[in-house]
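Participant: To be precise about what I am sending: the file is called upload-v1.txt and holds compact mmCIF, C-alpha atoms.
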# COMPACT_ATOMS: atom_id res chain seq x y z
CA MET A 1 -23.55 6.86 -33.97
CA THR A 2 -25.50 9.91 -32.90
CA GLN A 3 -29.09 9.73 -34.06
CA THR A 4 -31.32 12.69 -34.69
CA SER A 5 -33.80 11.40 -32.14
CA ASP A 6 -31.11 11.48 -29.47
CA ARG A 7 -31.02 15.21 -29.72
CA ILE A 8 -34.73 15.84 -29.40
CA GLY A 9 -35.49 18.01 -26.41
CA GLU A 10 -31.91 18.95 -25.84
CA ASP A 11 -32.59 22.64 -26.14
CA GLU A 12 -35.45 22.75 -23.67
CA ASP A 13 -34.00 20.11 -21.34
CA ALA A 14 -30.35 21.06 -21.08
CA PRO A 15 -30.28 22.90 -17.77
CA GLY A 16 -26.88 24.47 -18.39
CA VAL A 17 -25.32 22.47 -15.59
CA VAL A 18 -21.96 20.85 -16.18
CA LYS A 19 -21.37 17.70 -14.19
CA LYS A 20 -18.33 15.49 -14.03
CA PHE A 21 -19.37 12.21 -15.66
CA MET A 22 -17.06 9.25 -15.46
CA PHE A 23 -17.81 6.17 -17.55
CA VAL A 24 -16.13 3.14 -16.05
CA ASN A 25 -15.28 0.35 -18.46
CA ARG A 26 -14.48 -2.98 -16.82
CA LYS A 27 -15.64 -5.37 -19.52
CA ALA A 28 -13.96 -6.73 -22.64
CA PRO A 29 -15.38 -5.93 -26.08
CA TYR A 30 -17.43 -8.38 -28.26
CA GLY A 31 -18.17 -10.97 -25.54
CA THR A 32 -21.02 -8.70 -24.48
CA ILE A 33 -22.52 -5.52 -25.91
CA TYR A 34 -21.72 -3.32 -22.89
CA ALA A 35 -18.56 -1.74 -24.34
CA LEU A 36 -20.30 -0.77 -27.58
CA GLU A 37 -23.52 0.57 -26.08
CA GLY A 38 -21.55 2.29 -23.32
CA LEU A 39 -19.56 4.14 -25.95
CA GLU A 40 -22.79 5.41 -27.48
CA VAL A 41 -23.71 7.00 -24.15
CA VAL A 42 -20.28 8.62 -23.96
CA LEU A 43 -20.79 10.32 -27.32
CA ILE A 44 -24.22 11.63 -26.33
CA SER A 45 -23.00 12.98 -23.00
CA ALA A 46 -20.27 14.88 -24.82
CA ALA A 47 -22.98 16.43 -27.02
CA PHE A 48 -24.53 17.73 -23.77
CA ASP A 49 -21.29 19.57 -23.00
CA GLN A 50 -20.61 17.61 -19.84
CA ASP A 51 -17.18 17.13 -18.27
CA VAL A 52 -16.67 13.56 -19.50
CA SER A 53 -13.93 11.12 -18.63
CA LEU A 54 -13.47 7.43 -19.36
CA ALA A 55 -11.86 4.94 -17.04
CA PHE A 56 -10.55 1.59 -18.21
CA LEU A 57 -9.77 -1.01 -15.60
CA ASP A 58 -9.96 -4.79 -15.26
CA ASP A 59 -10.99 -6.36 -18.61
CA GLY A 60 -12.03 -2.91 -19.85
CA VAL A 61 -8.44 -2.30 -20.96
CA TYR A 62 -8.96 -4.92 -23.69
CA GLN A 63 -11.34 -2.47 -25.40
CA LEU A 64 -8.38 -0.28 -26.35
CA VAL A 65 -6.07 -2.90 -27.82
CA LYS A 66 -4.85 -2.15 -31.35
CA GLY A 67 -5.44 -4.47 -34.29
CA GLN A 68 -9.04 -5.54 -33.66
CA GLN A 69 -10.38 -7.33 -36.76
CA THR A 70 -13.97 -8.46 -36.60
CA LYS A 71 -14.63 -9.67 -40.14
CA GLY A 72 -14.53 -13.31 -39.09
CA LEU A 73 -17.26 -12.69 -36.54
CA GLU A 74 -19.35 -10.52 -38.87
CA VAL A 75 -19.79 -7.93 -36.12
CA LYS A 76 -19.05 -4.23 -36.21
CA ASN A 77 -15.52 -3.23 -35.28
CA PHE A 78 -16.21 -0.25 -33.04
CA SER A 79 -12.64 0.30 -31.92
CA PRO A 80 -12.08 3.21 -34.37
CA THR A 81 -14.72 5.11 -32.38
CA TYR A 82 -12.22 5.52 -29.53
CA ARG A 83 -10.02 7.47 -31.94
CA ALA A 84 -12.99 9.68 -32.84
CA LEU A 85 -13.60 10.68 -29.21
CA GLU A 86 -11.14 13.54 -29.45
CA GLY A 87 -13.41 15.14 -32.06
CA TYR A 88 -16.17 15.14 -29.44
CA ASP A 89 -13.85 16.84 -26.95
CA VAL A 90 -13.62 13.65 -24.92
CA GLU A 91 -9.94 13.66 -24.10
CA LYS A 92 -9.71 12.24 -20.60
CA LEU A 93 -9.04 8.56 -21.04
CA TYR A 94 -7.59 6.96 -17.93
CA VAL A 95 -6.17 3.43 -18.06
CA GLU A 96 -5.16 1.60 -14.92
CA ARG A 97 -1.56 0.44 -14.85
CA GLU A 98 -2.29 -2.60 -12.67
CA ALA A 99 -4.91 -3.80 -15.17
CA LEU A 100 -2.45 -3.51 -18.08
CA GLU A 101 0.31 -5.29 -16.19
CA ALA A 102 -1.97 -8.11 -15.04
CA ARG A 103 -2.84 -8.75 -18.69
CA GLY A 104 0.58 -8.41 -20.25
CA ILE A 105 -0.45 -5.36 -22.28
CA ARG A 106 1.93 -2.47 -22.93
CA GLU A 107 0.83 1.12 -23.41
CA ASP A 108 2.15 1.10 -27.01
CA GLN A 109 -0.37 -1.65 -27.84
CA LEU A 110 -3.26 0.74 -27.22
CA LEU A 111 -5.00 2.40 -30.14
CA VAL A 112 -5.35 5.89 -28.64
CA PRO A 113 -3.22 8.13 -26.46
CA VAL A 114 -4.24 7.59 -22.84
CA GLN A 115 -3.16 8.59 -19.40
CA VAL A 116 -1.90 5.55 -17.50
CA VAL A 117 -2.64 5.87 -13.78
CA SER A 118 -2.23 3.69 -10.71
CA ALA A 119 -5.20 2.13 -8.92
CA ALA A 120 -4.76 4.68 -6.13
CA GLU A 121 -4.83 7.56 -8.64
CA MET A 122 -7.88 6.03 -10.31
CA ALA A 123 -9.63 5.87 -6.95
CA GLU A 124 -8.88 9.57 -6.43
CA LEU A 125 -10.25 10.43 -9.88
CA MET A 126 -13.41 8.50 -9.06
CA GLU A 127 -13.84 10.48 -5.84
CA GLN A 128 -13.77 13.73 -7.82
CA GLN A 129 -16.76 12.82 -10.01
CA ASP A 130 -20.38 13.90 -9.74
CA LEU A 131 -21.61 10.79 -11.49
CA ILE A 132 -20.13 7.37 -12.17
CA VAL A 133 -21.73 5.17 -14.79
CA GLY A 134 -20.44 1.65 -15.23
CA PHE A 135 -21.57 -0.67 -17.94
CA MET B 136 -34.47 13.86 -3.07
CA ASN B 137 -34.62 13.17 -6.81
CA PHE B 138 -33.42 9.78 -8.04
CA GLY B 139 -32.55 8.81 -11.60
CA LEU B 140 -32.28 5.08 -12.31
CA LEU B 141 -30.65 3.24 -15.20
CA ILE B 142 -31.57 -0.39 -15.92
CA ASN B 143 -29.32 -2.35 -18.25
CA GLU B 144 -30.74 -5.87 -17.98
CA GLY B 145 -33.96 -7.45 -19.17
CA PRO B 146 -36.61 -8.87 -16.85
CA TYR B 147 -36.47 -12.44 -15.46
CA ASN B 148 -33.01 -13.38 -16.77
CA HIS B 149 -31.19 -11.17 -14.27
CA GLN B 150 -32.19 -9.75 -10.89
CA ALA B 151 -31.32 -6.15 -11.86
CA ALA B 152 -34.85 -5.19 -12.88
CA ASP B 153 -36.29 -6.60 -9.65
CA THR B 154 -33.69 -4.82 -7.52
CA ALA B 155 -34.34 -1.54 -9.32
CA TYR B 156 -38.09 -1.91 -8.87
CA GLN B 157 -37.79 -2.63 -5.14
CA PHE B 158 -35.37 0.28 -4.81
CA ALA B 159 -37.80 2.61 -6.60
CA ARG B 160 -40.71 1.53 -4.42
CA ALA B 161 -38.69 1.95 -1.23
CA ALA B 162 -37.53 5.41 -2.35
CA LEU B 163 -41.11 6.51 -3.06
CA ALA B 164 -42.25 5.11 0.29
CA LYS B 165 -39.63 7.29 2.00
CA GLY B 166 -40.97 10.38 0.25
CA HIS B 167 -38.25 10.62 -2.40
CA ARG B 168 -39.03 11.23 -6.04
CA ILE B 169 -38.05 8.99 -8.95
CA GLN B 170 -37.25 11.54 -11.60
CA ARG B 171 -36.81 8.96 -14.36
CA VAL B 172 -36.12 5.30 -14.99
CA PHE B 173 -34.12 4.81 -18.17
CA PHE B 174 -34.07 1.41 -19.86
CA TYR B 175 -30.97 0.61 -21.90
CA ASN B 176 -29.17 -2.46 -23.27
CA ASP B 177 -31.40 -5.53 -22.79
CA GLY B 178 -33.20 -3.43 -20.17
CA VAL B 179 -35.53 -2.30 -22.96
CA ASN B 180 -37.21 -5.71 -22.70
CA ASN B 181 -38.79 -4.53 -19.45
CA ALA B 182 -41.15 -2.50 -21.62
CA THR B 183 -42.78 -5.02 -23.94
CA ARG B 184 -46.54 -5.45 -23.56
CA LEU B 185 -46.27 -8.96 -25.05
CA THR B 186 -44.87 -10.27 -21.75
CA GLU B 187 -47.00 -13.03 -20.21
CA PRO B 188 -45.35 -14.73 -17.25
CA PRO B 189 -46.96 -17.74 -15.54
CA GLN B 190 -49.73 -16.71 -13.13
CA ASP B 191 -47.75 -17.56 -10.02
CA ASP B 192 -44.85 -15.29 -11.05
CA ARG B 193 -44.57 -11.53 -10.69
CA HIS B 194 -45.47 -9.52 -13.79
CA ILE B 195 -42.42 -7.29 -14.08
CA VAL B 196 -43.73 -5.21 -16.99
CA ASN B 197 -47.16 -4.55 -15.43
CA ARG B 198 -45.44 -3.68 -12.17
CA TRP B 199 -43.49 -0.90 -13.92
CA SER B 200 -46.63 0.34 -15.69
CA LYS B 201 -48.49 0.53 -12.37
CA LEU B 202 -45.58 2.34 -10.73
CA ALA B 203 -45.56 4.88 -13.56
CA VAL B 204 -49.29 5.57 -13.37
CA GLU B 205 -49.57 5.73 -9.59
CA ASN B 206 -46.48 7.82 -8.94
CA SER B 207 -46.05 9.63 -12.26
CA VAL B 208 -42.64 8.07 -12.78
CA ASP B 209 -41.16 8.77 -16.21
CA LEU B 210 -40.23 5.42 -17.78
CA VAL B 211 -38.04 5.97 -20.84
CA VAL B 212 -36.88 3.29 -23.27
CA CYS B 213 -33.84 4.01 -25.44
CA VAL B 214 -34.94 4.17 -29.09
CA ALA B 215 -31.71 2.75 -30.55
CA ALA B 216 -31.41 -0.08 -28.01
CA GLY B 217 -35.13 -0.80 -28.50
CA LEU B 218 -34.93 -0.95 -32.28
CA ARG B 219 -31.95 -3.25 -32.02
CA ARG B 220 -34.11 -5.66 -29.98
CA GLY B 221 -37.50 -5.28 -31.67
CA LEU B 222 -39.04 -2.99 -29.07
CA VAL B 223 -41.17 -0.34 -30.82
CA GLU B 224 -44.31 1.76 -30.14
CA ASP B 225 -46.55 -1.13 -31.29
CA ASN B 226 -45.46 -3.44 -28.47
CA LEU B 227 -44.74 -0.82 -25.83
CA ALA B 228 -46.50 -1.36 -22.48
CA PRO B 229 -48.56 1.48 -20.89
CA GLY B 230 -46.63 4.05 -18.91
CA PHE B 231 -43.43 3.73 -20.99
CA ARG B 232 -42.24 6.09 -23.69
CA ILE B 233 -39.52 5.75 -26.31
CA SER B 234 -36.89 8.46 -26.60
CA GLY B 235 -33.20 9.09 -27.20
CA LEU B 236 -30.11 8.46 -25.12
CA GLY B 237 -30.07 12.17 -24.36
CA GLN B 238 -32.79 11.43 -21.80
CA LEU B 239 -30.33 9.26 -19.91
CA VAL B 240 -27.70 11.97 -19.81
CA GLU B 241 -30.29 14.59 -18.87
CA SER B 242 -31.45 12.36 -16.02
CA GLY B 243 -27.86 12.16 -14.80
CA ILE B 244 -27.62 15.95 -14.91
CA ARG B 245 -30.94 16.64 -13.19
CA ALA B 246 -31.16 13.89 -10.59
CA ASP B 247 -29.62 14.36 -7.14
CA ARG B 248 -28.65 10.69 -7.15
CA PHE B 249 -28.19 8.39 -10.12
CA VAL B 250 -28.03 4.62 -9.67
CA VAL B 251 -27.12 1.98 -12.26
CA PHE B 252 -28.64 -1.51 -12.11
CA GLY B 253 -27.15 -4.16 -14.40
CA ASP B 254 -25.11 -7.31 -14.71
CA MET C 255 -18.84 7.35 -2.18
CA LEU C 256 -21.18 4.39 -1.81
CA HIS C 257 -19.85 1.32 -3.60
CA ILE C 258 -22.46 -1.17 -4.79
CA VAL C 259 -21.39 -4.73 -5.61
CA ASN C 260 -23.76 -7.39 -6.98
CA LYS C 261 -21.50 -10.32 -7.92
CA SER C 262 -20.57 -13.45 -6.02
CA PRO C 263 -16.83 -13.30 -5.19
CA TYR C 264 -16.53 -16.73 -6.79
CA GLU C 265 -17.95 -15.54 -10.10
CA ARG C 266 -16.12 -12.30 -10.85
CA ASN C 267 -13.51 -9.94 -9.48
CA SER C 268 -15.95 -7.05 -8.87
CA LEU C 269 -15.54 -7.08 -5.10
CA THR C 270 -11.74 -7.30 -5.27
CA SER C 271 -11.61 -4.48 -7.79
CA CYS C 272 -14.05 -2.39 -5.75
CA LEU C 273 -12.04 -2.85 -2.54
CA ALA C 274 -8.85 -1.86 -4.37
CA HIS C 275 -10.48 1.52 -5.09
CA ALA C 276 -12.70 2.10 -2.06
CA GLY C 277 -11.25 4.60 0.35
CA LYS C 278 -11.93 5.69 3.89
CA GLY C 279 -15.07 7.74 4.22
CA GLY C 280 -16.91 5.59 1.73
CA ALA C 281 -19.26 2.69 2.30
CA LEU C 282 -19.91 -0.66 0.65
CA ILE C 283 -23.22 -2.41 0.09
CA LEU C 284 -23.43 -6.01 -1.08
CA ILE C 285 -26.58 -6.86 -3.03
CA GLU C 286 -27.89 -9.72 -5.19
CA ASP C 287 -25.26 -12.49 -5.51
CA ALA C 288 -22.67 -10.35 -3.73
CA VAL C 289 -24.36 -11.08 -0.39
CA TYR C 290 -22.47 -14.40 -0.40
CA ALA C 291 -19.35 -12.29 0.23
CA ALA C 292 -20.94 -11.17 3.51
CA THR C 293 -21.16 -14.71 4.92
CA ARG C 294 -18.83 -16.52 7.32
CA GLY C 295 -16.31 -18.88 5.76
CA ASN C 296 -16.55 -17.57 2.21
CA VAL C 297 -13.47 -16.82 0.13
CA ALA C 298 -13.85 -13.06 0.63
CA GLU C 299 -14.32 -13.13 4.41
CA SER C 300 -10.82 -11.90 5.25
CA ALA C 301 -11.11 -9.12 2.63
CA ILE C 302 -14.44 -8.04 4.11
CA ARG C 303 -13.00 -8.07 7.65
CA ARG C 304 -10.08 -5.91 6.49
CA ALA C 305 -12.46 -3.56 4.68
CA LEU C 306 -14.49 -3.15 7.87
CA GLY C 307 -11.51 -1.37 9.38
CA ASP C 308 -11.80 1.35 6.74
CA LEU C 309 -15.47 1.64 5.87
CA PRO C 310 -18.88 0.37 6.89
CA VAL C 311 -20.10 -2.70 5.02
CA TYR C 312 -23.78 -3.41 4.47
CA ALA C 313 -25.64 -6.38 2.99
CA LEU C 314 -29.16 -6.32 1.57
CA GLY C 315 -31.39 -8.39 3.89
CA PRO C 316 -33.98 -9.55 1.34
CA ASP C 317 -31.13 -10.91 -0.84
CA LEU C 318 -29.60 -12.76 2.14
CA GLU C 319 -32.98 -14.21 3.11
CA ALA C 320 -33.86 -15.33 -0.43
CA ARG C 321 -30.59 -17.27 -0.49
CA GLY C 322 -30.93 -18.79 3.00
CA MET C 323 -27.87 -16.89 4.22
CA GLN C 324 -29.47 -14.62 6.85
CA GLY C 325 -27.96 -16.66 9.72
CA SER C 326 -24.38 -16.58 8.43
CA VAL C 327 -23.55 -12.89 8.25
CA ILE C 328 -20.01 -11.87 9.26
CA ASP C 329 -19.90 -9.86 12.52
CA GLY C 330 -19.75 -6.17 11.79
CA VAL C 331 -21.60 -6.32 8.48
CA LYS C 332 -24.87 -4.44 8.87
CA VAL C 333 -28.01 -5.86 7.29
CA VAL C 334 -30.37 -3.33 5.69
CA ASP C 335 -33.66 -3.53 3.80
CA PHE C 336 -34.43 -1.71 0.54
CA GLY C 337 -35.32 1.42 2.51
CA GLY C 338 -31.87 1.28 4.11
CA PHE C 339 -30.30 0.87 0.66
CA VAL C 340 -32.16 4.00 -0.52
CA GLU C 341 -30.96 5.97 2.51
CA LEU C 342 -27.35 4.90 1.92
CA VAL C 343 -27.56 6.18 -1.65
CA ALA C 344 -29.11 9.42 -0.40
CA GLU C 345 -26.47 9.91 2.32
CA HIS C 346 -23.52 9.64 -0.10
CA ARG C 347 -22.88 12.34 -2.69
CA THR C 348 -21.95 9.71 -5.28
CA ASN C 349 -22.27 5.99 -5.80
CA GLN C 350 -20.74 3.45 -8.11
CA SER C 351 -22.16 0.12 -9.24
CA TRP C 352 -19.28 -2.32 -9.83
CA LEU C 353 -21.05 -4.25 -12.58
Take the structure in this file and express it as structure tokens.
Facilitator:
Amino acid sequence: MTQTSDRIGEDEDAPGVVKKFMFVNRKAPYGTIYALEGLEVVLISAAFDQDVSLAFLDDGVYQLVKGQQTKGLEVKNFSPTYRALEGYDVEKLYVEREALEARGIREDQLLVPVQVVSAAEMAELMEQQDLIVGF
Amino acid sequence: MNFGLLINEGPYNHQAADTAYQFARAALAKGHRIQRVFFYNDGVNNATRLTEPPQDDRHIVNRWSKLAVENSVDLVVCVAAGLRRGLVEDNLAPGFRISGLGQLVESGIRADRFVVFGD
Amino acid sequence: MLHIVNKSPYERNSLTSCLAHAGKGGALILIEDAVYAATRGNVAESAIRRALGDLPVYALGPDLEARGMQGSVIDGVKVVDFGGFVELVAEHRTNQSWL
């Protein structure tokens, strides 16, 4: 997904600061574009060597469900991108237990290894960030 | 203080662009600096010079252009999100520039405060 | 952390989700359609009153006024203008928009 133009100016602009970025996903995939375009930002921020984590709560947990098949809709299935995150050194994926339980989803239905945390633990993780970006 | 703003919704359909504009103006009035406004998702539609609202409505695009000129605010439109929605150099309003998503991340790194406006 | 909510409590669960994660020492500002949550008799009134025990709650005045709700604000919720919104963002090290 990374485009050449996304990297323009990186050398002169990257101030060498590492901030803790958390991307908060609270929306389901496909109904709106937020999950897909949010993921593009995640990949770019990793290219800037930032301390990136992803949080999935509310309907955001639906983004990670295995078995997404989009042929019938003729839209891009972007769920494999979550598996590629590890290659970008994005390894902190936090999923809220309460959100899974409220939706009848088990951890083994998710397409990537994640850390399941409680709402209270998620709140603590949020407090530790320098920047929270929700889409 | 340096503020970075991210706008994820287009003009008129959703209040986000209005809220962000009022926020930016209030910040400038208080002596803060708007380091960058980044337009992403349908937010890129804030930057089209083809916009012509009825005369009794606010002109959201011209308002941004004026803010950019008068306060040297950097208005950046995401190239990929823009291409997806038909927003290119040819129809870009004055004061805006098109660049990559890296400018969003860089704004997050450089700004003292970063605020997201969306749906 | 400053929590920013912009949805009516009747439309989405943003406010509920926000309050489930907002801790002491933070603050909450209701903007756009979320200002309806700051009014007396609405479905979120008891949640807002409980939240007021833990953190200050603000509502954006111009949004209340545009919606004709300026006379119905729950006691304890502070009304601010855009300048006040800016200062709240400046005062808190981080903020989160619950979109």
Participant: Could the residues of chain C that have an atom at most 9 Å from chain B be listed as JSON lines, each with its closest atom pair and the distance in Å to one decimal, counting all atoms listed in the file and ordered by chain and ascending residue number?
Facilitator:
{"residue": "C:Asn260", "atom": "CA", "partner": "B:Asp254", "partner_atom": "CA", "distance": 7.8}
{"residue": "C:Lys261", "atom": "CA", "partner": "B:Asp254", "partner_atom": "CA", "distance": 8.3}
{"residue": "C:Ile285", "atom": "CA", "partner": "B:Thr154", "partner_atom": "CA", "distance": 8.7}
{"residue": "C:Glu286", "atom": "CA", "partner": "B:Gln150", "partner_atom": "CA", "distance": 7.1}
{"residue": "C:Asp335", "atom": "CA", "partner": "B:Ala161", "partner_atom": "CA", "distance": 9.0}
{"residue": "C:Phe336", "atom": "CA", "partner": "B:Phe158", "partner_atom": "CA", "distance": 5.8}
{"residue": "C:Gly337", "atom": "CA", "partner": "B:Ala161", "partner_atom": "CA", "distance": 5.1}
{"residue": "C:Gly338", "atom": "CA", "partner": "B:Ala161", "partner_atom": "CA", "distance": 8.7}
{"residue": "C:Phe339", "atom": "CA", "partner": "B:Phe158", "partner_atom": "CA", "distance": 7.5}
{"residue": "C:Val340", "atom": "CA", "partner": "B:Ala162", "partner_atom": "CA", "distance": 5.8}
{"residue": "C:Glu341", "atom": "CA", "partner": "B:Ala162", "partner_atom": "CA", "distance": 8.2}
{"residue": "C:Val343", "atom": "CA", "partner": "B:Arg248", "partner_atom": "CA", "distance": 7.2}
{"residue": "C:Ala344", "atom": "CA", "partner": "B:Arg248", "partner_atom": "CA", "distance": 6.9}
{"residue": "C:His346", "atom": "CA", "partner": "B:Arg248", "partner_atom": "CA", "distance": 8.8}
{"residue": "C:Arg347", "atom": "CA", "partner": "B:Arg248", "partner_atom": "CA", "distance": 7.5}
{"residue": "C:Thr348", "atom": "CA", "partner": "B:Arg248", "partner_atom": "CA", "distance": 7.0}
{"residue": "C:Asn349", "atom": "CA", "partner": "B:Val250", "partner_atom": "CA", "distance": 7.1}
{"residue": "C:Gln350", "atom": "CA", "partner": "B:Val250", "partner_atom": "CA", "distance": 7.5}
{"residue": "C:Ser351", "atom": "CA", "partner": "B:Val251", "partner_atom": "CA", "distance": 6.1}
{"residue": "C:Leu353", "atom": "CA", "partner": "B:Asp254", "partner_atom": "CA", "distance": 5.5}
Participant: Measuring atom to atom with all atoms listed in the file, identify which of A:Asp130, A:Leu39, A:Leu85, A:Tyr30 is nearest to Val17 in chain A.
Facilitator: A:Asp130
Participant: Give me, please, the distance in Å between CA of Ile328 in chain C and CA of Ala313 in chain C, quoted to one decimal.
Facilitator: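 Atom-to-atom, CA of Ile328 in chain C to CA of Ala313 in chain C, that is 10.1 Å.
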Participant: Tell me, counting all atoms listed in the file, for each residue of chain C within 12 Å of chain A, which pair of atoms is nearest and how far apart they are in Å to one decimal, in rows ordered by chain and increasing number, as a Markdown table.
Facilitator:
| residue | atom | partner | partner_atom | distance |
| --- | --- | --- | --- | --- |
| C:Met255 | CA | A:Glu127 | CA | 6.9 |
| C:Leu256 | CA | A:Glu127 | CA | 10.4 |
| C:His257 | CA | A:Ile132 | CA | 10.5 |
| C:Ile258 | CA | A:Gly134 | CA | 11.0 |
| C:Val259 | CA | A:Gly134 | CA | 11.6 |
| C:Arg266 | CA | A:Asp58 | CA | 10.7 |
| C:Asn267 | CA | A:Asp58 | CA | 8.5 |
| C:Ser268 | CA | A:Asp58 | CA | 9.0 |
| C:Leu269 | CA | A:Asp58 | CA | 11.8 |
| C:Thr270 | CA | A:Asp58 | CA | 10.5 |
| C:Ser271 | CA | A:Asp58 | CA | 7.7 |
| C:Cys272 | CA | A:Ala123 | CA | 9.4 |
| C:Leu273 | CA | A:Ala123 | CA | 10.1 |
| C:Ala274 | CA | A:Ala119 | CA | 7.1 |
| C:His275 | CA | A:Ala123 | CA | 4.8 |
| C:Ala276 | CA | A:Ala123 | CA | 6.9 |
| C:Gly277 | CA | A:Ala123 | CA | 7.6 |
| C:Lys278 | CA | A:Glu127 | CA | 11.0 |
| C:Gly279 | CA | A:Glu127 | CA | 10.5 |
| C:Gly280 | CA | A:Glu127 | CA | 9.5 |
| C:His346 | CA | A:Asp130 | CA | 11.0 |
| C:Arg347 | CA | A:Asp130 | CA | 7.6 |
| C:Thr348 | CA | A:Leu131 | CA | 6.3 |
| C:Asn349 | CA | A:Ile132 | CA | 6.9 |
| C:Gln350 | CA | A:Ile132 | CA | 5.7 |
| C:Ser351 | CA | A:Gly134 | CA | 6.4 |
| C:Trp352 | CA | A:Gly134 | CA | 6.8 |
| C:Leu353 | CA | A:Phe135 | CA | 6.5 |
Participant: For those residues, write C-alpha atoms to a file as a short mmCIF file (atom, residue, chain, number, x, y, z; two decimals), in the coordinates of the input.
Facilitator:
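The resulting file, again.cif, is reproduced below:
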data_model
loop_
_atom_site.label_atom_id
_atom_site.label_comp_id
_atom_site.auth_asym_id
_atom_site.auth_seq_id
_atom_site.Cartn_x
_atom_site.Cartn_y
_atom_site.Cartn_z
CA MET C 255 -18.84 7.35 -2.18
CA LEU C 256 -21.18 4.39 -1.81
CA HIS C 257 -19.85 1.32 -3.60
CA ILE C 258 -22.46 -1.17 -4.79
CA VAL C 259 -21.39 -4.73 -5.61
CA ARG C 266 -16.12 -12.30 -10.85
CA ASN C 267 -13.51 -9.94 -9.48
CA SER C 268 -15.95 -7.05 -8.87
CA LEU C 269 -15.54 -7.08 -5.10
CA THR C 270 -11.74 -7.30 -5.27
CA SER C 271 -11.61 -4.48 -7.79
CA CYS C 272 -14.05 -2.39 -5.75
CA LEU C 273 -12.04 -2.85 -2.54
CA ALA C 274 -8.85 -1.86 -4.37
CA HIS C 275 -10.48 1.52 -5.09
CA ALA C 276 -12.70 2.10 -2.06
CA GLY C 277 -11.25 4.60 0.35
CA LYS C 278 -11.93 5.69 3.89
CA GLY C 279 -15.07 7.74 4.22
CA GLY C 280 -16.91 5.59 1.73
CA HIS C 346 -23.52 9.64 -0.10
CA ARG C 347 -22.88 12.34 -2.69
CA THR C 348 -21.95 9.71 -5.28
CA ASN C 349 -22.27 5.99 -5.80
CA GLN C 350 -20.74 3.45 -8.11
CA SER C 351 -22.16 0.12 -9.24
CA TRP C 352 -19.28 -2.32 -9.83
CA LEU C 353 -21.05 -4.25 -12.58
#
Participant: If we count all atoms listed in the file and set the cut-off at 10 Å, which residues sit around Arg171 in chain B, ignoring sequence neighbours fewer than 4 positions away in its own chain? Please answer as a count of residues only.
Facilitator: 19
Participant: Between B:Val172, B:Ser234, B:Pro188, B:Gly145, which one has atoms that come closest to chain A, using all atoms listed in the file?
Facilitator: B:Ser234
Participant: Could the residues of chain B within 6 Å of chain A, counting all atoms listed in the file, be given as a list of chain:residue names, please?
Facilitator: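 The selection requested is B:Gly235, B:Leu236, B:Gly237, B:Val240.
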Participant: Interatomic distance between CA of Leu73 in chain A and CA of Ala28 in chain A?
Facilitator: 15.5 Å
Participant: Using all atoms listed in the file, which residues sit within 9 Å of Pro310 in chain C once same-chain residues fewer than 4 positions away are excluded, as a PyMOL selection string?
Facilitator: chain C and resi 279-283+305-306+330-332
Participant: Interatomic distance between CA of Pro113 in chain A and CA of Glu96 in chain A?
Facilitator: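 Distance between the two atoms: 13.4 Å.
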Participant: Counting all atoms listed in the file, figure out which residue out of B:Gln170, B:Thr183, B:Asn197, B:Asn176 gets nearest to Val223 in chain B.
Facilitator: B:Thr183
